[in-house]
Each structure stands twice: as structure tokens, then as C-alpha cells.
>>> print(open('work19.cif').read())   # mmCIF, N, CA and C atoms
data_coords
#
loop_
_atom_site.group_PDB
_atom_site.id
_atom_site.type_symbol
_atom_site.label_atom_id
_atom_site.label_comp_id
_atom_site.auth_asym_id
_atom_site.auth_seq_id
_atom_site.Cartn_x
_atom_site.Cartn_y
_atom_site.Cartn_z
ATOM 1 N N MET A 1 127.344 112.462 -18.312
ATOM 2 C CA MET A 1 127.214 113.525 -19.296
ATOM 3 C C MET A 1 125.808 114.103 -19.305
ATOM 4 N N ARG A 2 124.825 113.254 -19.061
ATOM 5 C CA ARG A 2 123.435 113.712 -19.046
ATOM 6 C C ARG A 2 123.229 114.774 -17.970
ATOM 7 N N LEU A 3 123.862 114.598 -16.785
ATOM 8 C CA LEU A 3 123.726 115.573 -15.707
ATOM 9 C C LEU A 3 124.350 116.911 -16.081
ATOM 10 N N VAL A 4 125.467 116.858 -16.805
ATOM 11 C CA VAL A 4 126.109 118.094 -17.245
ATOM 12 C C VAL A 4 125.194 118.824 -18.215
ATOM 13 N N THR A 5 124.604 118.101 -19.154
ATOM 14 C CA THR A 5 123.693 118.704 -20.124
ATOM 15 C C THR A 5 122.492 119.311 -19.405
ATOM 16 N N ARG A 6 121.922 118.573 -18.449
ATOM 17 C CA ARG A 6 120.769 119.090 -17.710
ATOM 18 C C ARG A 6 121.188 120.294 -16.862
ATOM 19 N N GLY A 7 122.373 120.242 -16.278
ATOM 20 C CA GLY A 7 122.868 121.379 -15.497
ATOM 21 C C GLY A 7 123.046 122.617 -16.361
ATOM 22 N N ASP A 8 123.576 122.437 -17.560
ATOM 23 C CA ASP A 8 123.720 123.562 -18.490
ATOM 24 C C ASP A 8 122.357 124.135 -18.856
ATOM 25 N N ALA A 9 121.392 123.259 -19.110
ATOM 26 C CA ALA A 9 120.039 123.705 -19.456
ATOM 27 C C ALA A 9 119.425 124.464 -18.287
ATOM 28 N N LEU A 10 119.614 123.952 -17.079
ATOM 29 C CA LEU A 10 119.087 124.616 -15.889
ATOM 30 C C LEU A 10 119.673 126.019 -15.754
ATOM 31 N N GLU A 11 120.982 126.123 -15.921
ATOM 32 C CA GLU A 11 121.633 127.431 -15.812
ATOM 33 C C GLU A 11 121.087 128.409 -16.855
ATOM 34 N N LYS A 12 120.909 127.951 -18.079
ATOM 35 C CA LYS A 12 120.406 128.828 -19.146
ATOM 36 C C LYS A 12 119.002 129.328 -18.845
ATOM 37 N N VAL A 13 118.098 128.416 -18.473
ATOM 38 C CA VAL A 13 116.716 128.846 -18.258
ATOM 39 C C VAL A 13 116.575 129.700 -17.007
ATOM 40 N N THR A 14 117.329 129.400 -15.957
ATOM 41 C CA THR A 14 117.194 130.201 -14.736
ATOM 42 C C THR A 14 117.779 131.596 -14.919
ATOM 43 N N LEU A 15 118.912 131.703 -15.578
ATOM 44 C CA LEU A 15 119.491 133.031 -15.805
ATOM 45 C C LEU A 15 118.599 133.873 -16.705
ATOM 46 N N ALA A 16 117.981 133.257 -17.683
ATOM 47 C CA ALA A 16 117.105 133.991 -18.596
ATOM 48 C C ALA A 16 115.832 134.475 -17.904
ATOM 49 N N ALA A 17 115.398 133.777 -16.864
ATOM 50 C CA ALA A 17 114.141 134.126 -16.196
ATOM 51 C C ALA A 17 114.304 135.172 -15.095
ATOM 52 N N HIS A 18 115.516 135.374 -14.595
ATOM 53 C CA HIS A 18 115.711 136.362 -13.529
ATOM 54 C C HIS A 18 115.247 137.736 -14.004
ATOM 55 N N PRO A 19 114.579 138.498 -13.137
ATOM 56 C CA PRO A 19 114.165 139.853 -13.518
ATOM 57 C C PRO A 19 115.373 140.702 -13.884
ATOM 58 N N ALA A 20 115.188 141.592 -14.835
ATOM 59 C CA ALA A 20 116.277 142.476 -15.258
ATOM 60 C C ALA A 20 116.548 143.550 -14.209
ATOM 61 N N GLU A 21 115.507 143.967 -13.495
ATOM 62 C CA GLU A 21 115.667 145.007 -12.491
ATOM 63 C C GLU A 21 116.279 144.434 -11.216
ATOM 64 N N PRO A 22 116.856 145.276 -10.369
ATOM 65 C CA PRO A 22 117.433 144.783 -9.110
ATOM 66 C C PRO A 22 116.382 144.007 -8.302
ATOM 67 N N HIS A 23 116.822 142.922 -7.687
ATOM 68 C CA HIS A 23 115.890 142.076 -6.938
ATOM 69 C C HIS A 23 116.639 141.242 -5.915
ATOM 70 N N PHE A 24 115.900 140.747 -4.950
ATOM 71 C CA PHE A 24 116.425 139.756 -4.018
ATOM 72 C C PHE A 24 116.101 138.388 -4.610
ATOM 73 N N TYR A 25 117.083 137.520 -4.648
ATOM 74 C CA TYR A 25 116.897 136.151 -5.137
ATOM 75 C C TYR A 25 116.826 135.234 -3.928
ATOM 76 N N LEU A 26 115.643 134.699 -3.682
ATOM 77 C CA LEU A 26 115.449 133.770 -2.570
ATOM 78 C C LEU A 26 115.717 132.372 -3.116
ATOM 79 N N GLY A 27 116.984 132.013 -3.126
ATOM 80 C CA GLY A 27 117.438 130.818 -3.817
ATOM 81 C C GLY A 27 117.026 129.502 -3.200
ATOM 82 N N PHE A 28 117.047 129.401 -1.897
ATOM 83 C CA PHE A 28 116.733 128.124 -1.258
ATOM 84 C C PHE A 28 115.860 128.387 -0.045
ATOM 85 N N VAL A 29 114.597 128.094 -0.179
ATOM 86 C CA VAL A 29 113.646 128.246 0.914
ATOM 87 C C VAL A 29 112.973 126.896 1.095
ATOM 88 N N GLY A 30 113.104 126.311 2.267
ATOM 89 C CA GLY A 30 112.441 125.030 2.476
ATOM 90 C C GLY A 30 112.828 124.395 3.783
ATOM 91 N N ALA A 31 112.186 123.284 4.030
ATOM 92 C CA ALA A 31 112.427 122.524 5.260
ATOM 93 C C ALA A 31 112.793 121.094 4.884
ATOM 94 N N SER A 32 113.604 120.479 5.702
ATOM 95 C CA SER A 32 113.998 119.085 5.482
ATOM 96 C C SER A 32 112.793 118.164 5.579
ATOM 97 N N LEU A 33 112.882 117.036 4.900
ATOM 98 C CA LEU A 33 111.827 116.037 5.033
ATOM 99 C C LEU A 33 111.648 115.706 6.503
ATOM 100 N N GLY A 34 110.436 115.578 6.924
ATOM 101 C CA GLY A 34 110.143 115.313 8.323
ATOM 102 C C GLY A 34 109.971 116.575 9.139
ATOM 103 N N GLN A 35 110.406 117.700 8.595
ATOM 104 C CA GLN A 35 110.265 118.987 9.279
ATOM 105 C C GLN A 35 109.277 119.897 8.544
ATOM 106 N N GLN A 36 108.613 119.334 7.547
ATOM 107 C CA GLN A 36 107.664 120.124 6.768
ATOM 108 C C GLN A 36 106.353 120.274 7.530
ATOM 109 N N GLU A 37 105.614 121.279 7.142
ATOM 110 C CA GLU A 37 104.313 121.595 7.744
ATOM 111 C C GLU A 37 104.433 122.044 9.192
ATOM 112 N N LEU A 38 105.601 122.542 9.569
ATOM 113 C CA LEU A 38 105.819 123.085 10.908
ATOM 114 C C LEU A 38 105.966 124.607 10.871
ATOM 115 N N GLY A 39 105.829 125.185 9.687
ATOM 116 C CA GLY A 39 105.944 126.633 9.541
ATOM 117 C C GLY A 39 107.359 127.128 9.300
ATOM 118 N N ILE A 40 108.305 126.205 9.139
ATOM 119 C CA ILE A 40 109.703 126.597 8.939
ATOM 120 C C ILE A 40 109.882 127.322 7.606
ATOM 121 N N GLY A 41 109.333 126.755 6.538
ATOM 122 C CA GLY A 41 109.438 127.385 5.221
ATOM 123 C C GLY A 41 108.790 128.756 5.199
ATOM 124 N N SER A 42 107.627 128.872 5.821
ATOM 125 C CA SER A 42 106.944 130.170 5.894
ATOM 126 C C SER A 42 107.767 131.186 6.672
ATOM 127 N N ALA A 43 108.369 130.754 7.774
ATOM 128 C CA ALA A 43 109.193 131.667 8.580
ATOM 129 C C ALA A 43 110.405 132.139 7.775
ATOM 130 N N LEU A 44 111.054 131.234 7.047
ATOM 131 C CA LEU A 44 112.195 131.621 6.215
ATOM 132 C C LEU A 44 111.767 132.588 5.123
ATOM 133 N N LEU A 45 110.636 132.288 4.501
ATOM 134 C CA LEU A 45 110.120 133.142 3.438
ATOM 135 C C LEU A 45 109.795 134.532 3.983
ATOM 136 N N LYS A 46 109.150 134.592 5.135
ATOM 137 C CA LYS A 46 108.815 135.890 5.739
ATOM 138 C C LYS A 46 110.070 136.696 6.060
ATOM 139 N N ALA A 47 111.108 136.028 6.552
ATOM 140 C CA ALA A 47 112.360 136.730 6.855
ATOM 141 C C ALA A 47 112.956 137.336 5.585
ATOM 142 N N GLY A 48 112.972 136.565 4.515
ATOM 143 C CA GLY A 48 113.487 137.078 3.244
ATOM 144 C C GLY A 48 112.649 138.224 2.715
ATOM 145 N N LEU A 49 111.331 138.105 2.834
ATOM 146 C CA LEU A 49 110.451 139.149 2.321
ATOM 147 C C LEU A 49 110.526 140.419 3.166
ATOM 148 N N THR A 50 110.783 140.276 4.443
ATOM 149 C CA THR A 50 110.967 141.456 5.297
ATOM 150 C C THR A 50 112.177 142.246 4.824
ATOM 151 N N ALA A 51 113.251 141.557 4.495
ATOM 152 C CA ALA A 51 114.445 142.234 3.967
ATOM 153 C C ALA A 51 114.119 142.930 2.646
ATOM 154 N N CYS A 52 113.363 142.271 1.791
ATOM 155 C CA CYS A 52 112.953 142.885 0.519
ATOM 156 C C CYS A 52 112.143 144.147 0.773
ATOM 157 N N ASP A 53 111.179 144.046 1.680
ATOM 158 C CA ASP A 53 110.286 145.170 1.958
ATOM 159 C C ASP A 53 111.036 146.368 2.536
ATOM 160 N N LYS A 54 112.010 146.113 3.386
ATOM 161 C CA LYS A 54 112.783 147.212 3.984
ATOM 162 C C LYS A 54 113.513 148.015 2.913
ATOM 163 N N GLN A 55 113.858 147.339 1.824
ATOM 164 C CA GLN A 55 114.581 148.021 0.743
ATOM 165 C C GLN A 55 113.696 148.330 -0.458
ATOM 166 N N GLY A 56 112.417 147.986 -0.359
ATOM 167 C CA GLY A 56 111.508 148.220 -1.481
ATOM 168 C C GLY A 56 111.913 147.441 -2.715
ATOM 169 N N ALA A 57 112.377 146.216 -2.506
ATOM 170 C CA ALA A 57 112.927 145.415 -3.602
ATOM 171 C C ALA A 57 111.969 144.315 -4.062
ATOM 172 N N ILE A 58 112.116 143.940 -5.293
ATOM 173 C CA ILE A 58 111.408 142.795 -5.865
ATOM 174 C C ILE A 58 111.976 141.528 -5.233
ATOM 175 N N ALA A 59 111.123 140.529 -5.045
ATOM 176 C CA ALA A 59 111.562 139.207 -4.591
ATOM 177 C C ALA A 59 111.363 138.226 -5.736
ATOM 178 N N TYR A 60 112.330 137.330 -5.914
ATOM 179 C CA TYR A 60 112.287 136.367 -7.010
ATOM 180 C C TYR A 60 112.721 135.008 -6.486
ATOM 181 N N LEU A 61 112.044 133.958 -6.946
ATOM 182 C CA LEU A 61 112.460 132.602 -6.599
ATOM 183 C C LEU A 61 112.057 131.645 -7.709
ATOM 184 N N GLU A 62 112.592 130.446 -7.624
ATOM 185 C CA GLU A 62 112.252 129.368 -8.543
ATOM 186 C C GLU A 62 111.701 128.212 -7.728
ATOM 187 N N SER A 63 110.625 127.633 -8.211
ATOM 188 C CA SER A 63 110.006 126.504 -7.532
ATOM 189 C C SER A 63 110.090 125.281 -8.442
ATOM 190 N N SER A 64 110.556 124.185 -7.888
ATOM 191 C CA SER A 64 110.617 122.949 -8.672
ATOM 192 C C SER A 64 109.573 121.944 -8.180
ATOM 193 N N ASN A 65 108.675 122.404 -7.313
ATOM 194 C CA ASN A 65 107.614 121.539 -6.796
ATOM 195 C C ASN A 65 106.313 122.325 -6.855
ATOM 196 N N VAL A 66 105.433 121.953 -7.770
ATOM 197 C CA VAL A 66 104.182 122.683 -7.971
ATOM 198 C C VAL A 66 103.346 122.727 -6.688
ATOM 199 N N GLU A 67 103.524 121.770 -5.814
ATOM 200 C CA GLU A 67 102.773 121.757 -4.558
ATOM 201 C C GLU A 67 103.181 122.898 -3.633
ATOM 202 N N ASN A 68 104.370 123.472 -3.830
ATOM 203 C CA ASN A 68 104.816 124.609 -3.029
ATOM 204 C C ASN A 68 104.310 125.954 -3.560
ATOM 205 N N ASN A 69 103.874 125.974 -4.813
ATOM 206 C CA ASN A 69 103.484 127.243 -5.431
ATOM 207 C C ASN A 69 102.376 127.970 -4.676
ATOM 208 N N PRO A 70 101.346 127.278 -4.156
ATOM 209 C CA PRO A 70 100.316 128.015 -3.403
ATOM 210 C C PRO A 70 100.882 128.755 -2.183
ATOM 211 N N LEU A 71 101.870 128.191 -1.510
ATOM 212 C CA LEU A 71 102.500 128.886 -0.380
ATOM 213 C C LEU A 71 103.125 130.191 -0.858
ATOM 214 N N TYR A 72 103.872 130.109 -1.947
ATOM 215 C CA TYR A 72 104.513 131.309 -2.476
ATOM 216 C C TYR A 72 103.460 132.332 -2.921
ATOM 217 N N GLU A 73 102.392 131.844 -3.543
ATOM 218 C CA GLU A 73 101.323 132.739 -3.991
ATOM 219 C C GLU A 73 100.646 133.423 -2.801
ATOM 220 N N GLN A 74 100.519 132.733 -1.677
ATOM 221 C CA GLN A 74 99.941 133.341 -0.471
ATOM 222 C C GLN A 74 100.788 134.516 0.017
ATOM 223 N N HIS A 75 102.057 134.492 -0.322
ATOM 224 C CA HIS A 75 102.976 135.556 0.084
ATOM 225 C C HIS A 75 103.174 136.587 -1.020
ATOM 226 N N GLY A 76 102.308 136.554 -2.025
ATOM 227 C CA GLY A 76 102.310 137.581 -3.057
ATOM 228 C C GLY A 76 103.085 137.270 -4.316
ATOM 229 N N PHE A 77 103.648 136.073 -4.433
ATOM 230 C CA PHE A 77 104.385 135.717 -5.641
ATOM 231 C C PHE A 77 103.423 135.338 -6.761
ATOM 232 N N GLU A 78 103.847 135.615 -7.976
ATOM 233 C CA GLU A 78 103.111 135.207 -9.171
ATOM 234 C C GLU A 78 104.066 134.458 -10.091
ATOM 235 N N VAL A 79 103.553 133.444 -10.758
ATOM 236 C CA VAL A 79 104.350 132.724 -11.752
ATOM 237 C C VAL A 79 104.530 133.641 -12.949
ATOM 238 N N ILE A 80 105.780 133.872 -13.331
ATOM 239 C CA ILE A 80 106.059 134.727 -14.485
ATOM 240 C C ILE A 80 106.482 133.914 -15.702
ATOM 241 N N ALA A 81 106.879 132.663 -15.476
ATOM 242 C CA ALA A 81 107.273 131.773 -16.574
ATOM 243 C C ALA A 81 107.455 130.373 -15.996
ATOM 244 N N GLU A 82 107.526 129.407 -16.874
ATOM 245 C CA GLU A 82 107.879 128.048 -16.461
ATOM 246 C C GLU A 82 108.646 127.384 -17.591
ATOM 247 N N ALA A 83 109.443 126.407 -17.219
ATOM 248 C CA ALA A 83 110.241 125.672 -18.203
ATOM 249 C C ALA A 83 110.410 124.240 -17.721
ATOM 250 N N THR A 84 110.429 123.331 -18.665
ATOM 251 C CA THR A 84 110.704 121.935 -18.353
ATOM 252 C C THR A 84 112.071 121.605 -18.929
ATOM 253 N N LEU A 85 112.936 121.078 -18.082
ATOM 254 C CA LEU A 85 114.284 120.733 -18.530
ATOM 255 C C LEU A 85 114.230 119.539 -19.474
ATOM 256 N N PRO A 86 115.195 119.441 -20.377
ATOM 257 C CA PRO A 86 115.198 118.357 -21.363
ATOM 258 C C PRO A 86 115.459 116.986 -20.741
ATOM 259 N N ASP A 87 115.217 115.963 -21.539
ATOM 260 C CA ASP A 87 115.507 114.574 -21.164
ATOM 261 C C ASP A 87 114.756 114.137 -19.914
ATOM 262 N N GLY A 88 113.497 114.529 -19.809
ATOM 263 C CA GLY A 88 112.688 114.113 -18.674
ATOM 264 C C GLY A 88 112.964 114.879 -17.403
ATOM 265 N N GLY A 89 113.620 116.029 -17.537
ATOM 266 C CA GLY A 89 113.935 116.846 -16.362
ATOM 267 C C GLY A 89 112.690 117.462 -15.760
ATOM 268 N N PRO A 90 112.826 118.057 -14.582
ATOM 269 C CA PRO A 90 111.670 118.627 -13.894
ATOM 270 C C PRO A 90 111.207 119.936 -14.531
ATOM 271 N N THR A 91 109.994 120.323 -14.181
ATOM 272 C CA THR A 91 109.473 121.635 -14.538
ATOM 273 C C THR A 91 109.854 122.600 -13.430
ATOM 274 N N ILE A 92 110.203 123.809 -13.821
ATOM 275 C CA ILE A 92 110.555 124.859 -12.872
ATOM 276 C C ILE A 92 109.607 126.030 -13.116
ATOM 277 N N TRP A 93 109.061 126.555 -12.018
ATOM 278 C CA TRP A 93 108.201 127.729 -12.093
ATOM 279 C C TRP A 93 108.995 128.914 -11.571
ATOM 280 N N PHE A 94 109.046 129.973 -12.365
ATOM 281 C CA PHE A 94 109.763 131.184 -12.011
ATOM 282 C C PHE A 94 108.743 132.147 -11.436
ATOM 283 N N MET A 95 109.000 132.626 -10.214
ATOM 284 C CA MET A 95 108.006 133.416 -9.496
ATOM 285 C C MET A 95 108.600 134.720 -9.003
ATOM 286 N N LYS A 96 107.785 135.774 -9.077
ATOM 287 C CA LYS A 96 108.239 137.108 -8.688
ATOM 288 C C LYS A 96 107.162 137.759 -7.825
ATOM 289 N N ARG A 97 107.618 138.513 -6.846
ATOM 290 C CA ARG A 97 106.711 139.331 -6.032
ATOM 291 C C ARG A 97 107.136 140.776 -6.208
ATOM 292 N N ALA A 98 106.181 141.622 -6.527
ATOM 293 C CA ALA A 98 106.464 143.040 -6.736
ATOM 294 C C ALA A 98 107.011 143.674 -5.467
ATOM 295 N N ALA A 99 107.767 144.736 -5.654
ATOM 296 C CA ALA A 99 108.311 145.479 -4.521
ATOM 297 C C ALA A 99 107.172 146.082 -3.712
ATOM 298 N N ARG A 100 107.364 146.114 -2.419
ATOM 299 C CA ARG A 100 106.384 146.705 -1.508
ATOM 300 C C ARG A 100 107.109 147.723 -0.646
ATOM 301 N N GLU A 101 107.326 148.858 -1.231
ATOM 302 C CA GLU A 101 108.089 149.906 -0.550
ATOM 303 C C GLU A 101 107.385 150.358 0.716
ATOM 304 N N GLY A 102 108.149 150.390 1.813
ATOM 305 C CA GLY A 102 107.613 150.844 3.085
ATOM 306 C C GLY A 102 106.648 149.880 3.726
ATOM 307 N N PHE A 103 106.481 148.715 3.159
ATOM 308 C CA PHE A 103 105.560 147.716 3.689
ATOM 309 C C PHE A 103 106.243 146.973 4.828
ATOM 310 N N SER A 104 105.547 146.739 5.891
ATOM 311 C CA SER A 104 106.138 145.952 6.979
ATOM 312 C C SER A 104 105.193 144.828 7.361
ATOM 313 N N ARG A 105 105.769 143.749 7.832
ATOM 314 C CA ARG A 105 104.973 142.563 8.206
ATOM 315 C C ARG A 105 104.707 142.564 9.690
#
>>> encode(input="work19.cif", output="C-alpha cells")
Amino acid sequence: MRLVTRGDALEKVTLAAHPAEPHFYLGFVGASLGQQELGIGSALLKAGLTACDKQGAIAYLESSNVENNPLYEQHGFEVIAEATLPDGGPTIWFMKRAAREGFSR
């Protein structure tokens, strides 16, 4: 039951944090354990941001690991909010990158 409660809380806070304007949601960006620090996450992030830039769209993601936030910030993301889930749940950082119309990488 605790997982259901935490899942409900996660859904509420994430839906509330999504930008109201049209945006690309980069839901899962990362590399498997043992494959980190090889540039895989950066390559995935760049691919997603290229799609955003081609359409002049906002990019949005959620980070559950504060150690990843500097990578996202290097790619232009800013923390717009954060929330800690109840019952000892993790903190989530909600991050957005402004649209870059006509920008190419």
C-alpha cells in the first residue's frame, strides 16, 4: 500500500510541475550502471534537444538524482521546482530548458 501511496504522490507532483505550454518531455535519459561516464546520457540528451530545437520547443525533464543536475544545467536546463515524496521518498527536481528556435547543435 505504501508504494501505491507514493506512486499517487509522484503522479500528482509530476503532473503539477509540467509546463503549461507545449513542450517535449524527456522522460527517461540515462545509462545503465557500468555504462555511465561514457557519454551515453549526453548523447541521448543532445538527440532529444535537437528535436526540441528543430521545432522551437521547450524541453522538460525530472531528475531524481541531484548528481545528474549539473549535466542537465550544462545543456541549458534550470530547476523550476522540487518536491520530496512522502514517507521518506526521494526528492525530484523539475527542470526546464527554454525554447531555442532555429538553434542547431
>>> resolve_selection(input="work19.cif", expression="the PyMOL selection byres (((chain A and resi 48 and name CA) around 12) and name CA)", output="list of chain:residue names")
A:His23, A:Phe24, A:Tyr25, A:Leu26, A:Gly27, A:Phe28, A:Val29, A:Gly41, A:Ser42, A:Ala43, A:Leu44, A:Leu45, A:Lys46, A:Ala47, A:Leu49, A:Thr50, A:Ala51, A:Cys52, A:Asp53, A:Lys54, A:Gln55, A:Ala57, A:Ile58, A:Ala59, A:Tyr60, A:Leu61, A:His75, A:Arg97, A:Arg105
>>> atom_distance(input="work19.cif", atom1="atom CA of Thr14 of chain A", atom2="atom CA of Ile40 of chain A")
25.1 Å
>>> select_by_dssp(input="work19.cif", residues="segment 14-99 of chain A", states="strand (DSSP E or B)", output="VMD selection string")
chain A and resid 23 to 25 58 to 63 78 to 84 91 to 97
>>> residues_near_point(input="work19.cif", point="(108.7, 132.8, -9.8)", cutoff="5 Å", atoms="only N, CA and C atoms", output="PyMOL selection string")
chain A and resi 61+78-80+93-96
>>> atom_distance(input="work19.cif", atom1="atom N of Leu15 of chain A", atom2="atom N of Gly89 of chain A")
16.7 Å
>>> atom_distance(input="work19.cif", atom1="atom CA of Asp8 of chain A", atom2="atom N of Ala20 of chain A")
20.3 Å
>>> select_by_dssp(input="work19.cif", residues="chain A", states="alpha helix (DSSP H)", output="NGL selection string")
:A and (2-17 or 40-55 or 69-74)
>>> closest_residue(input="work19.cif", among="A:Ala31, A:Leu71, A:Ile92, A:Leu38", to="Ala17 of chain A", atoms="only C-alpha atoms")
A:Ile92
>>> resolve_selection(input="work19.cif", expression="the PyMOL selection byres ((chain A and resi 86) around 8)", output="list in words")
Thr5, Arg6, Ala9, Leu10, Ala83, Thr84, Leu85, Asp87, Gly88, Gly89 and Pro90 of chain A
>>> write_last_selection(input="work19.cif", atoms="N, CA and C atoms", output="PDB file, keeping the file's coordinate frame")
ATOM      1  N   THR A   5     124.604 118.101 -19.154  1.00  0.00           N
ATOM      2  CA  THR A   5     123.693 118.704 -20.124  1.00  0.00           C
ATOM      3  C   THR A   5     122.492 119.311 -19.405  1.00  0.00           C
ATOM      4  N   ARG A   6     121.922 118.573 -18.449  1.00  0.00           N
ATOM      5  CA  ARG A   6     120.769 119.090 -17.710  1.00  0.00           C
ATOM      6  C   ARG A   6     121.188 120.294 -16.862  1.00  0.00           C
ATOM      7  N   ALA A   9     121.392 123.259 -19.110  1.00  0.00           N
ATOM      8  CA  ALA A   9     120.039 123.705 -19.456  1.00  0.00           C
ATOM      9  C   ALA A   9     119.425 124.464 -18.287  1.00  0.00           C
ATOM     10  N   LEU A  10     119.614 123.952 -17.079  1.00  0.00           N
ATOM     11  CA  LEU A  10     119.087 124.616 -15.889  1.00  0.00           C
ATOM     12  C   LEU A  10     119.673 126.019 -15.754  1.00  0.00           C
ATOM     13  N   ALA A  83     109.443 126.407 -17.219  1.00  0.00           N
ATOM     14  CA  ALA A  83     110.241 125.672 -18.203  1.00  0.00           C
ATOM     15  C   ALA A  83     110.410 124.240 -17.721  1.00  0.00           C
ATOM     16  N   THR A  84     110.429 123.331 -18.665  1.00  0.00           N
ATOM     17  CA  THR A  84     110.704 121.935 -18.353  1.00  0.00           C
ATOM     18  C   THR A  84     112.071 121.605 -18.929  1.00  0.00           C
ATOM     19  N   LEU A  85     112.936 121.078 -18.082  1.00  0.00           N
ATOM     20  CA  LEU A  85     114.284 120.733 -18.530  1.00  0.00           C
ATOM     21  C   LEU A  85     114.230 119.539 -19.474  1.00  0.00           C
ATOM     22  N   ASP A  87     115.217 115.963 -21.539  1.00  0.00           N
ATOM     23  CA  ASP A  87     115.507 114.574 -21.164  1.00  0.00           C
ATOM     24  C   ASP A  87     114.756 114.137 -19.914  1.00  0.00           C
ATOM     25  N   GLY A  88     113.497 114.529 -19.809  1.00  0.00           N
ATOM     26  CA  GLY A  88     112.688 114.113 -18.674  1.00  0.00           C
ATOM     27  C   GLY A  88     112.964 114.879 -17.403  1.00  0.00           C
ATOM     28  N   GLY A  89     113.620 116.029 -17.537  1.00  0.00           N
ATOM     29  CA  GLY A  89     113.935 116.846 -16.362  1.00  0.00           C
ATOM     30  C   GLY A  89     112.690 117.462 -15.760  1.00  0.00           C
ATOM     31  N   PRO A  90     112.826 118.057 -14.582  1.00  0.00           N
ATOM     32  CA  PRO A  90     111.670 118.627 -13.894  1.00  0.00           C
ATOM     33  C   PRO A  90     111.207 119.936 -14.531  1.00  0.00           C
TER      34      PRO A  90
END
>>> closest_residue(input="work19.cif", among="A:Thr91, A:Gly34, A:Ala16, A:Gly76", to="Ser64 of chain A", atoms="all atoms listed in the file")
A:Thr91
>>> closest_residue(input="work19.cif", among="A:Gln35, A:Gly7, A:Ser63, A:Asn68", to="Glu82 of chain A", atoms="only C-alpha atoms")
A:Ser63
>>> decode(input="work19.cif", residues="segment 9-28 of chain A", atoms="N, CA and C atoms", output="PDB file, in the first residue's frame")
ATOM      1  N   ALA A   9       1.397  10.045  -5.081  1.00  0.00           N
ATOM      2  CA  ALA A   9       2.055  11.319  -4.773  1.00  0.00           C
ATOM      3  C   ALA A   9       2.970  11.724  -5.922  1.00  0.00           C
ATOM      4  N   LEU A  10       3.708  10.764  -6.463  1.00  0.00           N
ATOM      5  CA  LEU A  10       4.600  11.044  -7.586  1.00  0.00           C
ATOM      6  C   LEU A  10       3.809  11.572  -8.780  1.00  0.00           C
ATOM      7  N   GLU A  11       2.707  10.907  -9.090  1.00  0.00           N
ATOM      8  CA  GLU A  11       1.884  11.342 -10.220  1.00  0.00           C
ATOM      9  C   GLU A  11       1.363  12.766 -10.010  1.00  0.00           C
ATOM     10  N   LYS A  12       0.908  13.072  -8.810  1.00  0.00           N
ATOM     11  CA  LYS A  12       0.374  14.411  -8.526  1.00  0.00           C
ATOM     12  C   LYS A  12       1.438  15.486  -8.688  1.00  0.00           C
ATOM     13  N   VAL A  13       2.613  15.274  -8.086  1.00  0.00           N
ATOM     14  CA  VAL A  13       3.631  16.323  -8.147  1.00  0.00           C
ATOM     15  C   VAL A  13       4.214  16.467  -9.544  1.00  0.00           C
ATOM     16  N   THR A  14       4.373  15.370 -10.272  1.00  0.00           N
ATOM     17  CA  THR A  14       4.952  15.487 -11.615  1.00  0.00           C
ATOM     18  C   THR A  14       3.975  16.141 -12.585  1.00  0.00           C
ATOM     19  N   LEU A  15       2.710  15.790 -12.510  1.00  0.00           N
ATOM     20  CA  LEU A  15       1.732  16.422 -13.403  1.00  0.00           C
ATOM     21  C   LEU A  15       1.596  17.907 -13.105  1.00  0.00           C
ATOM     22  N   ALA A  16       1.664  18.277 -11.849  1.00  0.00           N
ATOM     23  CA  ALA A  16       1.540  19.685 -11.474  1.00  0.00           C
ATOM     24  C   ALA A  16       2.745  20.507 -11.930  1.00  0.00           C
ATOM     25  N   ALA A  17       3.903  19.874 -12.060  1.00  0.00           N
ATOM     26  CA  ALA A  17       5.123  20.605 -12.414  1.00  0.00           C
ATOM     27  C   ALA A  17       5.332  20.754 -13.919  1.00  0.00           C
ATOM     28  N   HIS A  18       4.670  19.939 -14.729  1.00  0.00           N
ATOM     29  CA  HIS A  18       4.851  20.044 -16.180  1.00  0.00           C
ATOM     30  C   HIS A  18       4.485  21.449 -16.649  1.00  0.00           C
ATOM     31  N   PRO A  19       5.260  22.013 -17.577  1.00  0.00           N
ATOM     32  CA  PRO A  19       4.918  23.337 -18.111  1.00  0.00           C
ATOM     33  C   PRO A  19       3.541  23.317 -18.757  1.00  0.00           C
ATOM     34  N   ALA A  20       2.835  24.422 -18.649  1.00  0.00           N
ATOM     35  CA  ALA A  20       1.502  24.523 -19.247  1.00  0.00           C
ATOM     36  C   ALA A  20       1.591  24.646 -20.764  1.00  0.00           C
ATOM     37  N   GLU A  21       2.658  25.271 -21.254  1.00  0.00           N
ATOM     38  CA  GLU A  21       2.813  25.458 -22.687  1.00  0.00           C
ATOM     39  C   GLU A  21       3.297  24.169 -23.349  1.00  0.00           C
ATOM     40  N   PRO A  22       3.111  24.032 -24.655  1.00  0.00           N
ATOM     41  CA  PRO A  22       3.587  22.826 -25.348  1.00  0.00           C
ATOM     42  C   PRO A  22       5.087  22.616 -25.100  1.00  0.00           C
ATOM     43  N   HIS A  23       5.465  21.362 -24.914  1.00  0.00           N
ATOM     44  CA  HIS A  23       6.864  21.056 -24.609  1.00  0.00           C
ATOM     45  C   HIS A  23       7.178  19.613 -24.958  1.00  0.00           C
ATOM     46  N   PHE A  24       8.454  19.335 -25.090  1.00  0.00           N
ATOM     47  CA  PHE A  24       8.927  17.962 -25.211  1.00  0.00           C
ATOM     48  C   PHE A  24       9.241  17.485 -23.796  1.00  0.00           C
ATOM     49  N   TYR A  25       8.760  16.314 -23.454  1.00  0.00           N
ATOM     50  CA  TYR A  25       9.033  15.709 -22.147  1.00  0.00           C
ATOM     51  C   TYR A  25      10.090  14.637 -22.346  1.00  0.00           C
ATOM     52  N   LEU A  26      11.280  14.901 -21.834  1.00  0.00           N
ATOM     53  CA  LEU A  26      12.374  13.936 -21.925  1.00  0.00           C
ATOM     54  C   LEU A  26      12.286  13.056 -20.682  1.00  0.00           C
ATOM     55  N   GLY A  27      11.453  12.042 -20.779  1.00  0.00           N
ATOM     56  CA  GLY A  27      11.077  11.244 -19.623  1.00  0.00           C
ATOM     57  C   GLY A  27      12.159  10.357 -19.053  1.00  0.00           C
ATOM     58  N   PHE A  28      12.950   9.738 -19.889  1.00  0.00           N
ATOM     59  CA  PHE A  28      13.960   8.808 -19.388  1.00  0.00           C
ATOM     60  C   PHE A  28      15.248   9.020 -20.163  1.00  0.00           C
TER      61      PHE A  28
END
